[in-house]
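Raw contents of input.txt, compact mmCIF, C-alpha atoms:
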```
# COMPACT_ATOMS: atom_id res chain seq x y z
CA MET D 1 0.00 0.00 0.00
CA ASN D 2 1.34 3.44 -1.00
CA ASP D 3 1.25 5.85 1.93
CA GLN D 4 2.72 8.72 -0.03
CA PRO D 5 0.35 11.71 -0.04
CA GLY D 6 -0.93 12.90 -3.41
CA PHE D 7 -0.69 16.44 -4.70
CA GLU D 8 -2.82 18.88 -2.75
CA PRO D 9 -3.33 22.20 -4.54
CA PRO D 10 -2.31 25.18 -2.40
CA PRO D 11 -4.82 27.98 -1.82
CA TYR D 12 -5.19 30.12 -4.93
CA PRO D 13 -3.32 33.34 -4.05
CA TYR D 14 -6.08 35.84 -4.72
CA ASP D 15 -8.65 33.77 -2.82
CA ARG D 16 -6.65 34.55 0.30
CA LEU D 17 -7.78 38.17 0.05
CA ASN D 18 -11.48 37.37 0.40
CA ALA D 19 -11.40 37.46 4.21
CA LEU D 20 -10.04 41.01 4.16
CA LYS D 21 -12.59 42.53 1.80
CA PRO D 22 -15.12 43.41 4.56
CA LEU D 23 -12.59 45.97 5.85
CA ALA D 24 -13.80 48.23 3.04
CA ASN D 25 -17.52 47.81 3.75
CA HIS D 26 -17.83 51.15 5.56
CA HIS D 27 -16.88 53.08 2.41
CA GLU D 28 -19.78 54.40 0.37
CA GLY D 29 -19.36 53.02 -3.13
CA GLY D 30 -17.68 49.85 -1.89
CA ILE D 31 -14.33 48.27 -2.53
CA VAL D 32 -12.06 49.35 -5.39
CA ASP D 33 -10.38 46.12 -6.41
CA CYS D 34 -6.88 46.59 -7.83
CA SER D 35 -5.61 43.18 -6.75
CA ILE D 36 -5.93 41.29 -10.04
CA GLY D 37 -4.74 42.54 -13.42
CA THR D 38 -8.02 41.93 -15.19
CA PRO D 39 -8.80 44.40 -18.00
CA ILE D 40 -11.86 46.54 -17.37
CA ASP D 41 -12.05 48.72 -20.50
CA ALA D 42 -14.33 47.90 -23.42
CA PRO D 43 -12.80 46.29 -26.52
CA SER D 44 -13.09 48.21 -29.78
CA ASP D 45 -16.40 47.87 -31.61
CA HIS D 46 -14.83 46.44 -34.76
CA ILE D 47 -13.23 43.64 -32.70
CA ILE D 48 -16.59 42.70 -31.19
CA GLU D 49 -18.14 42.82 -34.67
CA ALA D 50 -15.51 40.39 -35.95
CA LEU D 51 -16.21 38.11 -32.99
CA ALA D 52 -19.97 38.16 -33.58
CA ASN D 53 -19.93 37.71 -37.34
CA SER D 54 -17.06 35.30 -38.01
CA GLY D 55 -19.23 32.35 -39.01
CA MET D 56 -16.56 30.14 -37.44
CA GLU D 57 -18.56 28.78 -34.54
CA ARG D 58 -19.80 25.67 -36.36
CA SER D 59 -16.63 23.72 -36.91
CA TYR D 60 -13.46 22.86 -35.04
CA PRO D 61 -10.78 25.54 -35.45
CA PRO D 62 -7.20 24.57 -36.31
CA SER D 63 -5.29 23.89 -33.11
CA ILE D 64 -2.26 25.76 -34.43
CA GLY D 65 -4.37 28.78 -35.37
CA THR D 66 -6.05 29.72 -38.61
CA GLN D 67 -3.97 30.83 -41.56
CA ALA D 68 -5.28 34.38 -41.12
CA PHE D 69 -4.42 34.39 -37.43
CA ARG D 70 -0.85 33.16 -37.95
CA GLU D 71 -0.23 35.52 -40.86
CA ASN D 72 -1.45 38.48 -38.87
CA VAL D 73 0.70 37.49 -35.91
CA ALA D 74 3.74 37.43 -38.21
CA ALA D 75 2.78 40.81 -39.67
CA TRP D 76 2.32 42.27 -36.17
CA VAL D 77 5.72 40.98 -35.04
CA LEU D 78 7.34 42.53 -38.12
CA ASN D 79 5.58 45.87 -37.68
CA SER D 80 6.17 46.02 -33.93
CA PHE D 81 9.75 44.79 -33.68
CA GLY D 82 11.15 44.51 -37.20
CA CYS D 83 11.53 40.72 -36.81
CA GLU D 84 10.58 38.34 -39.60
CA ILE D 85 9.00 35.01 -38.63
CA ASP D 86 7.41 32.36 -40.82
CA PRO D 87 3.67 31.97 -40.15
CA GLU D 88 3.84 28.42 -41.52
CA SER D 89 6.47 27.06 -39.13
CA GLN D 90 7.21 29.53 -36.36
CA VAL D 91 3.82 30.63 -34.96
CA ALA D 92 0.96 28.92 -33.14
CA ALA D 93 -2.11 29.87 -31.15
CA ALA D 94 -2.49 29.40 -27.38
CA VAL D 95 -5.69 29.33 -25.33
CA GLY D 96 -4.62 32.47 -23.54
CA THR D 97 -1.09 32.37 -22.23
CA LYS D 98 -1.68 31.27 -18.64
CA GLU D 99 -2.49 27.73 -19.77
CA PHE D 100 0.59 27.81 -21.98
CA VAL D 101 2.82 28.94 -19.11
CA ALA D 102 1.36 26.43 -16.65
CA GLY D 103 1.41 23.51 -19.10
CA LEU D 104 4.76 24.10 -20.79
CA PRO D 105 7.01 22.22 -18.32
CA HIS D 106 4.89 19.09 -18.77
CA TRP D 107 5.31 19.12 -22.55
CA MET D 108 9.01 20.02 -22.38
CA LYS D 109 9.66 17.26 -19.84
CA LEU D 110 8.17 14.74 -22.26
CA ARG D 111 10.53 16.08 -24.92
CA ASN D 112 13.61 15.90 -22.69
CA PRO D 113 13.06 13.48 -19.77
CA ASP D 114 16.71 13.74 -18.69
CA ARG D 115 16.10 17.29 -17.45
CA ASP D 116 13.87 18.27 -14.55
CA THR D 117 14.35 21.96 -13.69
CA VAL D 118 12.39 25.10 -14.59
CA LEU D 119 14.23 28.39 -14.09
CA TYR D 120 12.21 31.58 -13.60
CA PRO D 121 12.61 35.07 -12.08
CA ALA D 122 12.51 35.06 -8.27
CA VAL D 123 9.86 37.80 -8.18
CA SER D 124 7.36 36.92 -10.87
CA TYR D 125 4.02 35.58 -12.06
CA PRO D 126 3.15 32.55 -9.85
CA SER D 127 2.33 30.28 -12.81
CA TYR D 128 5.99 29.82 -13.74
CA GLU D 129 6.63 28.01 -10.48
CA MET D 130 3.24 26.28 -10.40
CA GLY D 131 3.73 24.96 -13.93
CA ALA D 132 6.90 23.22 -12.76
CA THR D 133 5.08 21.79 -9.74
CA LEU D 134 2.19 20.47 -11.82
CA ALA D 135 4.66 18.74 -14.14
CA GLY D 136 6.49 17.10 -11.25
CA CYS D 137 9.53 19.23 -12.01
CA ARG D 138 11.97 21.07 -9.83
CA SER D 139 11.52 24.85 -9.79
CA VAL D 140 14.45 27.20 -9.21
CA ALA D 141 13.93 30.93 -8.68
CA VAL D 142 16.65 33.03 -10.31
CA PRO D 143 17.60 36.15 -8.33
CA VAL D 144 16.69 39.59 -9.65
CA ASP D 145 18.65 42.81 -9.18
CA LYS D 146 17.56 46.09 -7.59
CA ASN D 147 15.77 47.02 -10.83
CA TRP D 148 13.90 43.68 -10.81
CA SER D 149 15.81 42.35 -13.82
CA ILE D 150 16.88 38.70 -13.91
CA GLN D 151 20.49 37.89 -12.96
CA LEU D 152 21.58 35.13 -15.31
CA ASP D 153 25.06 34.93 -13.80
CA ALA D 154 23.47 33.79 -10.51
CA ILE D 155 22.35 30.47 -12.04
CA SER D 156 24.53 27.65 -10.75
CA GLU D 157 26.24 25.08 -12.92
CA GLU D 158 24.12 22.34 -11.38
CA ASP D 159 20.86 24.16 -12.16
CA ARG D 160 22.03 24.81 -15.73
CA SER D 161 22.85 21.13 -16.21
CA ARG D 162 19.32 20.13 -15.12
CA ALA D 163 17.38 22.97 -16.78
CA LEU D 164 14.50 22.16 -19.12
CA LEU D 165 13.89 25.83 -19.83
CA LEU D 166 14.32 29.37 -18.60
CA TRP D 167 11.47 31.86 -18.29
CA VAL D 168 12.08 35.60 -18.64
CA ASN D 169 9.34 38.24 -18.42
CA THR D 170 9.63 41.74 -19.88
CA PRO D 171 8.06 44.01 -18.77
CA GLY D 172 7.90 41.99 -15.61
CA ASN D 173 4.85 41.18 -13.54
CA PRO D 174 4.65 42.40 -10.77
CA ALA D 175 7.57 44.83 -10.52
CA GLY D 176 7.82 46.17 -14.08
CA GLY D 177 11.45 45.12 -14.57
CA LEU D 178 13.04 45.05 -18.02
CA ASP D 179 15.47 42.27 -18.89
CA ASP D 180 18.27 42.26 -21.45
CA LEU D 181 16.54 39.83 -23.79
CA ASP D 182 19.47 39.60 -26.20
CA ALA D 183 21.64 38.49 -23.28
CA ALA D 184 19.02 35.95 -22.20
CA ALA D 185 18.88 34.52 -25.72
CA ALA D 186 22.69 34.31 -25.89
CA TRP D 187 22.79 32.63 -22.46
CA GLY D 188 20.29 29.99 -23.57
CA ARG D 189 22.13 29.27 -26.81
CA ASN D 190 25.46 29.02 -25.00
CA TYR D 191 24.14 26.38 -22.59
CA GLY D 192 21.65 24.67 -24.90
CA ILE D 193 18.65 25.69 -22.75
CA PRO D 194 15.43 26.89 -24.42
CA VAL D 195 14.45 30.39 -23.31
CA PHE D 196 10.79 31.33 -23.20
CA SER D 197 10.09 35.05 -23.05
CA ASP D 198 6.74 36.18 -21.63
CA GLU D 199 6.11 39.47 -23.43
CA CYS D 200 2.42 39.94 -22.65
CA TYR D 201 2.98 43.50 -21.38
CA CYS D 202 5.41 44.55 -24.12
CA GLU D 203 3.18 47.30 -25.47
CA PHE D 204 3.07 48.89 -22.04
CA THR D 205 6.82 49.53 -21.94
CA TRP D 206 7.41 53.01 -20.52
CA GLU D 207 11.22 53.11 -20.52
CA GLY D 208 12.43 52.76 -24.09
CA SER D 209 10.75 50.85 -26.88
CA PRO D 210 8.90 47.53 -26.66
CA ARG D 211 11.31 44.63 -26.89
CA THR D 212 11.24 40.97 -27.87
CA ILE D 213 13.65 38.07 -27.52
CA LEU D 214 13.19 37.43 -31.26
CA SER D 215 15.35 40.49 -32.04
CA SER D 216 18.50 38.38 -31.89
CA GLY D 217 17.03 35.58 -34.00
CA THR D 218 14.79 32.64 -33.29
CA GLU D 219 17.32 29.90 -32.50
CA GLY D 220 16.53 28.39 -29.10
CA VAL D 221 13.99 31.02 -28.08
CA VAL D 222 10.20 31.37 -28.02
CA SER D 223 8.27 34.59 -27.54
CA VAL D 224 4.89 34.35 -25.77
CA HIS D 225 2.14 36.97 -26.24
CA SER D 226 -1.42 37.61 -25.18
CA LEU D 227 -4.26 39.74 -26.53
CA SER D 228 -5.81 39.93 -23.07
CA LYS D 229 -4.00 43.08 -21.95
CA ARG D 230 -3.34 45.02 -25.16
CA SER D 231 -6.89 44.58 -26.52
CA ASN D 232 -9.01 43.96 -23.40
CA LEU D 233 -9.86 40.44 -24.56
CA ALA D 234 -9.02 38.39 -21.47
CA GLY D 235 -12.39 36.62 -21.66
CA LEU D 236 -11.67 35.27 -25.15
CA ARG D 237 -8.46 33.47 -24.13
CA VAL D 238 -6.32 34.22 -27.17
CA GLY D 239 -2.55 34.19 -27.16
CA PHE D 240 0.28 32.92 -29.32
CA TYR D 241 3.85 31.69 -29.17
CA ALA D 242 6.48 32.23 -31.85
CA GLY D 243 10.14 31.50 -32.41
CA ASP D 244 12.41 28.48 -32.88
CA SER D 245 10.75 26.35 -35.55
CA GLU D 246 11.80 23.02 -34.00
CA ILE D 247 10.39 23.92 -30.56
CA VAL D 248 7.25 25.52 -32.00
CA ASP D 249 6.62 22.51 -34.24
CA TYR D 250 7.00 20.11 -31.32
CA LEU D 251 4.62 22.12 -29.13
CA ARG D 252 2.11 22.52 -31.95
CA GLU D 253 1.96 18.78 -32.48
CA VAL D 254 1.75 17.71 -28.85
CA ARG D 255 -0.85 20.39 -28.07
CA LYS D 256 -2.85 19.26 -31.09
CA HIS D 257 -3.03 15.77 -29.60
CA ALA D 258 -4.07 17.26 -26.25
CA GLY D 259 -6.98 19.08 -27.88
CA PHE D 260 -5.97 22.71 -27.31
CA MET D 261 -7.96 24.97 -29.64
CA VAL D 262 -8.67 28.68 -29.55
CA PRO D 263 -12.35 29.06 -30.60
CA GLY D 264 -12.75 30.19 -34.21
CA PRO D 265 -14.71 33.38 -33.39
CA ALA D 266 -12.04 34.35 -30.87
CA GLN D 267 -9.35 33.94 -33.54
CA ALA D 268 -11.36 36.17 -35.89
CA ALA D 269 -11.55 38.83 -33.17
CA ALA D 270 -7.80 38.48 -32.64
CA VAL D 271 -7.14 39.16 -36.32
CA ALA D 272 -9.18 42.36 -36.06
CA ALA D 273 -7.25 43.35 -32.94
CA LEU D 274 -3.81 42.66 -34.42
CA THR D 275 -4.52 44.81 -37.47
CA ASP D 276 -5.44 47.88 -35.40
CA GLN D 277 -2.73 49.59 -33.36
CA GLY D 278 -4.85 52.65 -32.62
CA HIS D 279 -6.79 51.06 -29.78
CA VAL D 280 -3.53 49.93 -28.19
CA GLU D 281 -2.12 53.46 -28.22
CA GLN D 282 -5.30 54.66 -26.54
CA GLN D 283 -5.00 51.94 -23.91
CA ARG D 284 -1.36 52.90 -23.28
CA GLU D 285 -2.42 56.46 -22.52
CA THR D 286 -5.23 55.23 -20.27
CA TYR D 287 -2.95 53.00 -18.19
CA TRP D 288 -0.22 55.62 -17.91
CA ASN D 289 -2.70 58.19 -16.61
CA ARG D 290 -4.11 55.71 -14.09
CA LEU D 291 -0.66 54.74 -12.87
CA ASN D 292 0.15 58.38 -12.24
CA ARG D 293 -3.10 59.04 -10.40
CA ILE D 294 -2.82 56.00 -8.15
CA SER D 295 0.87 56.72 -7.50
CA LYS D 296 -0.05 60.22 -6.34
CA LEU D 297 -2.82 58.80 -4.15
CA ILE D 298 -0.47 56.37 -2.40
CA SER D 299 2.15 59.10 -1.97
CA ASN D 300 -0.47 61.30 -0.32
CA MET D 301 -0.98 58.48 2.17
CA GLY D 302 2.68 58.76 3.12
CA THR D 303 4.21 55.91 1.07
CA GLU D 304 6.18 56.43 -2.11
CA ALA D 305 4.80 54.51 -5.08
CA PRO D 306 7.35 54.66 -7.92
CA LEU D 307 6.12 54.42 -11.49
CA PRO D 308 7.13 51.16 -13.24
CA ARG D 309 9.51 50.78 -16.17
CA GLY D 310 6.81 48.72 -17.84
CA GLY D 311 3.43 47.08 -17.24
CA PHE D 312 0.37 48.52 -15.53
CA TYR D 313 1.19 47.68 -11.93
CA LEU D 314 2.59 49.79 -9.13
CA TRP D 315 5.09 47.85 -7.02
CA VAL D 316 5.03 49.66 -3.72
CA PRO D 317 7.37 49.13 -0.75
CA ALA D 318 5.19 48.45 2.30
CA PRO D 319 5.80 50.60 5.40
CA ASP D 320 8.05 48.65 7.78
CA GLY D 321 8.10 45.84 5.20
CA ASP D 322 4.73 44.49 6.36
CA ALA D 323 2.74 43.93 3.15
CA TRP D 324 -0.32 42.34 4.74
CA ALA D 325 -0.63 45.22 7.22
CA PHE D 326 -0.39 47.68 4.33
CA VAL D 327 -3.10 45.80 2.39
CA GLU D 328 -5.34 46.13 5.44
CA GLU D 329 -4.48 49.82 5.82
CA LEU D 330 -5.37 50.55 2.19
CA LEU D 331 -8.68 48.74 2.55
CA THR D 332 -9.57 50.45 5.81
CA ASN D 333 -8.51 53.97 4.86
CA VAL D 334 -9.63 54.27 1.23
CA GLY D 335 -11.22 50.93 0.31
CA LEU D 336 -8.44 49.95 -2.11
CA LEU D 337 -7.64 46.23 -2.44
CA ALA D 338 -4.04 45.41 -3.43
CA SER D 339 -2.07 42.15 -3.56
CA PRO D 340 0.70 41.38 -1.05
CA GLY D 341 4.00 40.85 -2.78
CA GLU D 342 4.56 37.37 -1.38
CA PHE D 343 2.10 36.12 -4.01
CA TYR D 344 4.96 36.65 -6.49
CA GLY D 345 7.72 34.97 -4.52
CA PRO D 346 9.44 35.35 -1.13
CA GLY D 347 11.54 38.20 -2.54
CA GLY D 348 8.40 40.28 -2.94
CA ALA D 349 7.23 39.89 0.65
CA GLY D 350 7.90 43.53 1.59
CA TYR D 351 5.86 44.99 -1.27
CA VAL D 352 2.30 45.27 -2.51
CA ARG D 353 1.15 45.21 -6.13
CA ILE D 354 -1.56 47.62 -7.25
CA ALA D 355 -3.09 47.03 -10.69
CA ALA D 356 -4.21 50.16 -12.58
CA VAL D 357 -7.33 48.40 -13.85
CA GLN D 358 -10.11 50.49 -12.36
CA THR D 359 -12.00 53.14 -14.32
CA ASP D 360 -11.46 56.86 -13.86
CA ASP D 361 -14.60 57.24 -11.77
CA ARG D 362 -13.49 54.48 -9.38
CA ILE D 363 -10.06 56.07 -9.01
CA GLN D 364 -11.79 59.39 -8.42
CA LEU D 365 -13.73 57.71 -5.61
CA LEU D 366 -10.41 56.81 -3.96
CA GLU D 367 -9.21 60.38 -4.39
CA GLN D 368 -12.36 61.74 -2.82
CA ARG D 369 -11.99 59.44 0.15
CA LEU D 370 -8.49 60.82 0.66
CA GLN D 371 -9.70 64.32 -0.26
CA ILE D 372 -7.18 64.74 -3.06
CA ARG D 373 -7.93 67.61 -5.39
```
Would you mind writing the file out in structure tokens?
Amino acid sequence: MNDQPGFEPPPYPYDRLNALKPLANHHEGGIVDCSIGTPIDAPSDHIIEALANSGMERSYPPSIGTQAFRENVAAWVLNSFGCEIDPESQVAAAVGTKEFVAGLPHWMKLRNPDRDTVLYPAVSYPSYEMGATLAGCRSVAVPVDKNWSIQLDAISEEDRSRALLLWVNTPGNPAGGLDDLDAAAAWGRNYGIPVFSDECYCEFTWEGSPRTILSSGTEGVVSVHSLSKRSNLAGLRVGFYAGDSEIVDYLREVRKHAGFMVPGPAQAAAVAALTDQGHVEQQRETYWNRLNRISKLISNMGTEAPLPRGGFYLWVPAPDGDAWAFVEELLTNVGLLASPGEFYGPGGAGYVRIAAVQTDDRIQLLEQRLQIR
């Protein structure tokens, strides 16, 4: 008889905040939830029209993405970064990118069973680590520097020898760090380790231009993107991955067998979104204005809230390093719900993350509660 315990899922991070929400009940207008980075703005009308009138709901969509979807991804990559990729062999659709991130170690472990380690930034999106756990892999957090950029030279020889893959994330969630993606690509090629670059926030890069790991070529690297943030389409679950043709082809085939398919109407909406940069520029302006307003609000409460180098989150040092106490203070004083930094790794324990995802009128409500004019 096997007495070994089976896997028991840990509490979902954001569910841990539910017990604190009543602290905001005394505020007229209720809680202003900035804990989760869920888009709140309306998608463009022409995107919704493409979704409603695609005629693609009757049949199974191609798992790898329709021809139109893959061609428009390639065109977007060229227009955005000046990088040429082949829509026939170097691009595929993902059912949003969270499932891709969480499932990737499983597929890569099947490809290379002699390796067992997933490397990822020490302060980062929780799904990098959880994906390793769900695949029965070893997860190793790579230290980040004072600017929240990954420190590749901190990876030990042992961890390199066991590494299935390395995740980088630029701009980074939660802290807005920007990595040297060319250096990450070179590091991966030097050690024969695939590098996956999560670039879902690339169009909200505030310091310099948007960047991609594909700029130094596609050998050994895969770029991962989502339409959730740039186009307010989180509910459609549309993303894509692009890069090294051998890795992309392997993932396309194994995911095809597993039944991953982005719904046809969602792919049609994605095509409409990828061919229109105007709505993204508008969203950039919206997020930048919100970040500034919330930063000023937090500063008026006596805590500095620096603007990020990228992304739409404020990464705020908690007074006395007590993030949970600061979360409670924000709820009690102005009804603002933020996420404690420990959700993103032990290195984030002294911070809180505030997502600039509430509308102007909700932010104004916070300002009124603090009597900011």
Using all atoms listed in the file, which protein or nucleic acid residues come within 10 Å of Ala163 of chain D? Drop anything in the same chain fewer than 6 positions from it, and give the result as a ChimeraX atom specification.
/D:112,114-119,137-140,157,191-194
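Distances from D:Val238, D:Pro113, D:Glu367, D:Arg309 to Val73 of chain D were compared using all atoms listed in the file, and the smallest one belongs to D:Val238.
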Using all atoms listed in the file, find each residue of segment 268-308 of chain D with at least one atom at most 7 Å away from an atom of segment 312-329 of chain D; report its shortest atom-to-atom pair and that distance in Å (one decimal), sort the rows by chain and rising residue number, and return the result as JSON lines.
```
{"residue": "D:Tyr287", "atom": "CA", "partner": "D:Phe312", "partner_atom": "CA", "distance": 6.2}
{"residue": "D:Leu291", "atom": "CA", "partner": "D:Phe312", "partner_atom": "CA", "distance": 6.8}
{"residue": "D:Ala305", "atom": "CA", "partner": "D:Val316", "partner_atom": "CA", "distance": 5.0}
{"residue": "D:Pro306", "atom": "CA", "partner": "D:Leu314", "partner_atom": "CA", "distance": 6.9}
{"residue": "D:Leu307", "atom": "CA", "partner": "D:Leu314", "partner_atom": "CA", "distance": 6.3}
{"residue": "D:Pro308", "atom": "CA", "partner": "D:Leu314", "partner_atom": "CA", "distance": 6.3}
```
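Considering only C-alpha atoms, the residue among D:Asn72, D:Ser124, D:Gln90, D:Asn292 positioned nearest to Glu342 of chain D is D:Ser124.
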Taking only C-alpha atoms into account, produce a table as a tab-separated table in which each residue of segment 214-323 of chain D with an atom at most 10 Å from an atom of segment 36-44 of chain D appears once, together with its shortest atom pair and the distance in Å to one decimal, ordered by chain and rising number.
```
residue	atom	partner	partner_atom	distance
D:Ser228	CA	D:Pro39	CA	7.4
D:Lys229	CA	D:Pro39	CA	6.4
D:Arg230	CA	D:Pro39	CA	9.0
D:Ser231	CA	D:Pro43	CA	6.2
D:Asn232	CA	D:Pro39	CA	5.4
D:Leu233	CA	D:Pro43	CA	6.8
D:Ala234	CA	D:Pro39	CA	6.9
D:Gly235	CA	D:Pro39	CA	9.3
D:Ala272	CA	D:Ser44	CA	9.4
D:Ala273	CA	D:Ser44	CA	8.2
D:Asp276	CA	D:Ser44	CA	9.5
D:Gly278	CA	D:Ser44	CA	9.8
D:His279	CA	D:Ser44	CA	6.9
D:Val280	CA	D:Ser44	CA	9.8
D:Gln283	CA	D:Asp41	CA	8.5
D:Thr286	CA	D:Asp41	CA	9.4
D:Phe312	CA	D:Gly37	CA	8.1
D:Tyr313	CA	D:Gly37	CA	8.0
```
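Protein and nucleic acid residues near (1.8, 37.1, -6.0) are Pro13, Ser124, Tyr125, Pro126, Pro174, Ser339, Pro340, Gly341, Glu342, Phe343, Tyr344, Gly345 and Gly348 of chain D, the criterion being any atom at most 8 Å away using all atoms listed in the file.
Pairwise distance (atom CA of Ala338 of chain D, atom CA of Leu370 of chain D) equals 16.6 Å.
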What separation in Å, quoted to one decimal, exists between atom CA of Val352 of chain D and atom CA of Thr205 of chain D?
20.4 Å
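In terms of minimum interatomic distance to Leu336 of chain D, D:Leu365 ranks closest within D:Leu214, D:Leu365, D:Ile150, D:Val95, counting all atoms listed in the file.
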Could you tell me which of D:Leu274, D:Leu164, D:Ala93, D:Val195 comes closest to Leu78 of chain D if we count all atoms listed in the file?
D:Leu274
Shell around Glu253 of chain D at 10 Å using all atoms listed in the file, local window under 5 positions removed, as a PyMOL selection string:
chain D and resi 63-64+248+258
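Atom CA of Val142 of chain D to atom CA of Lys98 of chain D spans 20.2 Å [interatomic distance, one decimal].
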Residues near Ala154 of chain D, anyone? I mean within 12 Å using all atoms listed in the file, not counting same-chain ones fewer than 5 positions away, as a PyMOL selection string.
chain D and resi 119-122+140-145+149+159-160
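Within 9 Å of the point (16.3, 23.6, -33.3) in file coordinates, and counting all atoms listed in the file, lie the residues Glu219, Gly220, Asp244, Ser245, Glu246 and Ile247 of chain D.
With distances taken over all atoms listed in the file, D:Ala94 is the one residue among D:Ala50, D:Leu178, D:Val77, D:Ala94 lying closest to Met261 of chain D.
Distances from D:Val262, D:Arg252, D:Ala24, D:Thr97 to Ser197 of chain D were compared using all atoms listed in the file, and the smallest one belongs to D:Thr97.
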Please rebuild segment 109-129 of chain D with N, CA and C atoms and return the result as a PDB file, in the frame of the given file.
```
ATOM      1  N   LYS D 109       9.113  18.422 -20.553  1.00  0.00           N
ATOM      2  CA  LYS D 109       9.660  17.260 -19.840  1.00  0.00           C
ATOM      3  C   LYS D 109       9.490  15.989 -20.662  1.00  0.00           C
ATOM      4  N   LEU D 110       8.367  15.885 -21.368  1.00  0.00           N
ATOM      5  CA  LEU D 110       8.170  14.740 -22.260  1.00  0.00           C
ATOM      6  C   LEU D 110       9.197  14.751 -23.386  1.00  0.00           C
ATOM      7  N   ARG D 111       9.557  15.928 -23.826  1.00  0.00           N
ATOM      8  CA  ARG D 111      10.530  16.080 -24.920  1.00  0.00           C
ATOM      9  C   ARG D 111      11.940  15.746 -24.456  1.00  0.00           C
ATOM     10  N   ASN D 112      12.253  16.100 -23.201  1.00  0.00           N
ATOM     11  CA  ASN D 112      13.610  15.900 -22.690  1.00  0.00           C
ATOM     12  C   ASN D 112      13.541  15.362 -21.260  1.00  0.00           C
ATOM     13  N   PRO D 113      13.258  14.052 -21.110  1.00  0.00           N
ATOM     14  CA  PRO D 113      13.060  13.480 -19.770  1.00  0.00           C
ATOM     15  C   PRO D 113      14.304  13.456 -18.908  1.00  0.00           C
ATOM     16  N   ASP D 114      15.478  13.725 -19.478  1.00  0.00           N
ATOM     17  CA  ASP D 114      16.710  13.740 -18.690  1.00  0.00           C
ATOM     18  C   ASP D 114      16.882  15.040 -17.894  1.00  0.00           C
ATOM     19  N   ARG D 115      16.015  15.998 -18.159  1.00  0.00           N
ATOM     20  CA  ARG D 115      16.100  17.290 -17.450  1.00  0.00           C
ATOM     21  C   ARG D 115      14.850  17.480 -16.597  1.00  0.00           C
ATOM     22  N   ASP D 116      14.999  18.202 -15.479  1.00  0.00           N
ATOM     23  CA  ASP D 116      13.870  18.270 -14.550  1.00  0.00           C
ATOM     24  C   ASP D 116      13.662  19.648 -13.918  1.00  0.00           C
ATOM     25  N   THR D 117      14.350  20.686 -14.396  1.00  0.00           N
ATOM     26  CA  THR D 117      14.350  21.960 -13.690  1.00  0.00           C
ATOM     27  C   THR D 117      13.803  23.094 -14.549  1.00  0.00           C
ATOM     28  N   VAL D 118      12.916  23.895 -13.958  1.00  0.00           N
ATOM     29  CA  VAL D 118      12.390  25.100 -14.590  1.00  0.00           C
ATOM     30  C   VAL D 118      12.980  26.305 -13.871  1.00  0.00           C
ATOM     31  N   LEU D 119      13.649  27.162 -14.619  1.00  0.00           N
ATOM     32  CA  LEU D 119      14.230  28.390 -14.090  1.00  0.00           C
ATOM     33  C   LEU D 119      13.281  29.553 -14.378  1.00  0.00           C
ATOM     34  N   TYR D 120      13.118  30.452 -13.425  1.00  0.00           N
ATOM     35  CA  TYR D 120      12.210  31.580 -13.600  1.00  0.00           C
ATOM     36  C   TYR D 120      12.621  32.699 -12.668  1.00  0.00           C
ATOM     37  N   PRO D 121      12.207  33.952 -12.931  1.00  0.00           N
ATOM     38  CA  PRO D 121      12.610  35.070 -12.080  1.00  0.00           C
ATOM     39  C   PRO D 121      12.067  34.908 -10.654  1.00  0.00           C
ATOM     40  N   ALA D 122      12.868  35.283  -9.671  1.00  0.00           N
ATOM     41  CA  ALA D 122      12.510  35.060  -8.270  1.00  0.00           C
ATOM     42  C   ALA D 122      11.287  35.862  -7.843  1.00  0.00           C
ATOM     43  N   VAL D 123      11.067  37.012  -8.445  1.00  0.00           N
ATOM     44  CA  VAL D 123       9.860  37.800  -8.180  1.00  0.00           C
ATOM     45  C   VAL D 123       9.090  37.843  -9.501  1.00  0.00           C
ATOM     46  N   SER D 124       7.995  37.092  -9.562  1.00  0.00           N
ATOM     47  CA  SER D 124       7.360  36.920 -10.870  1.00  0.00           C
ATOM     48  C   SER D 124       5.968  36.318 -10.741  1.00  0.00           C
ATOM     49  N   TYR D 125       5.323  36.207 -11.874  1.00  0.00           N
ATOM     50  CA  TYR D 125       4.020  35.580 -12.060  1.00  0.00           C
ATOM     51  C   TYR D 125       4.026  34.175 -11.447  1.00  0.00           C
ATOM     52  N   PRO D 126       3.094  33.834 -10.560  1.00  0.00           N
ATOM     53  CA  PRO D 126       3.150  32.550  -9.850  1.00  0.00           C
ATOM     54  C   PRO D 126       3.067  31.322 -10.749  1.00  0.00           C
ATOM     55  N   SER D 127       2.534  31.460 -11.955  1.00  0.00           N
ATOM     56  CA  SER D 127       2.330  30.280 -12.810  1.00  0.00           C
ATOM     57  C   SER D 127       3.624  29.674 -13.332  1.00  0.00           C
ATOM     58  N   TYR D 128       4.723  30.433 -13.336  1.00  0.00           N
ATOM     59  CA  TYR D 128       5.990  29.820 -13.740  1.00  0.00           C
ATOM     60  C   TYR D 128       6.369  28.701 -12.768  1.00  0.00           C
ATOM     61  N   GLU D 129       6.309  29.009 -11.487  1.00  0.00           N
ATOM     62  CA  GLU D 129       6.630  28.010 -10.480  1.00  0.00           C
ATOM     63  C   GLU D 129       5.574  26.907 -10.442  1.00  0.00           C
TER      64      GLU D 129
END
```
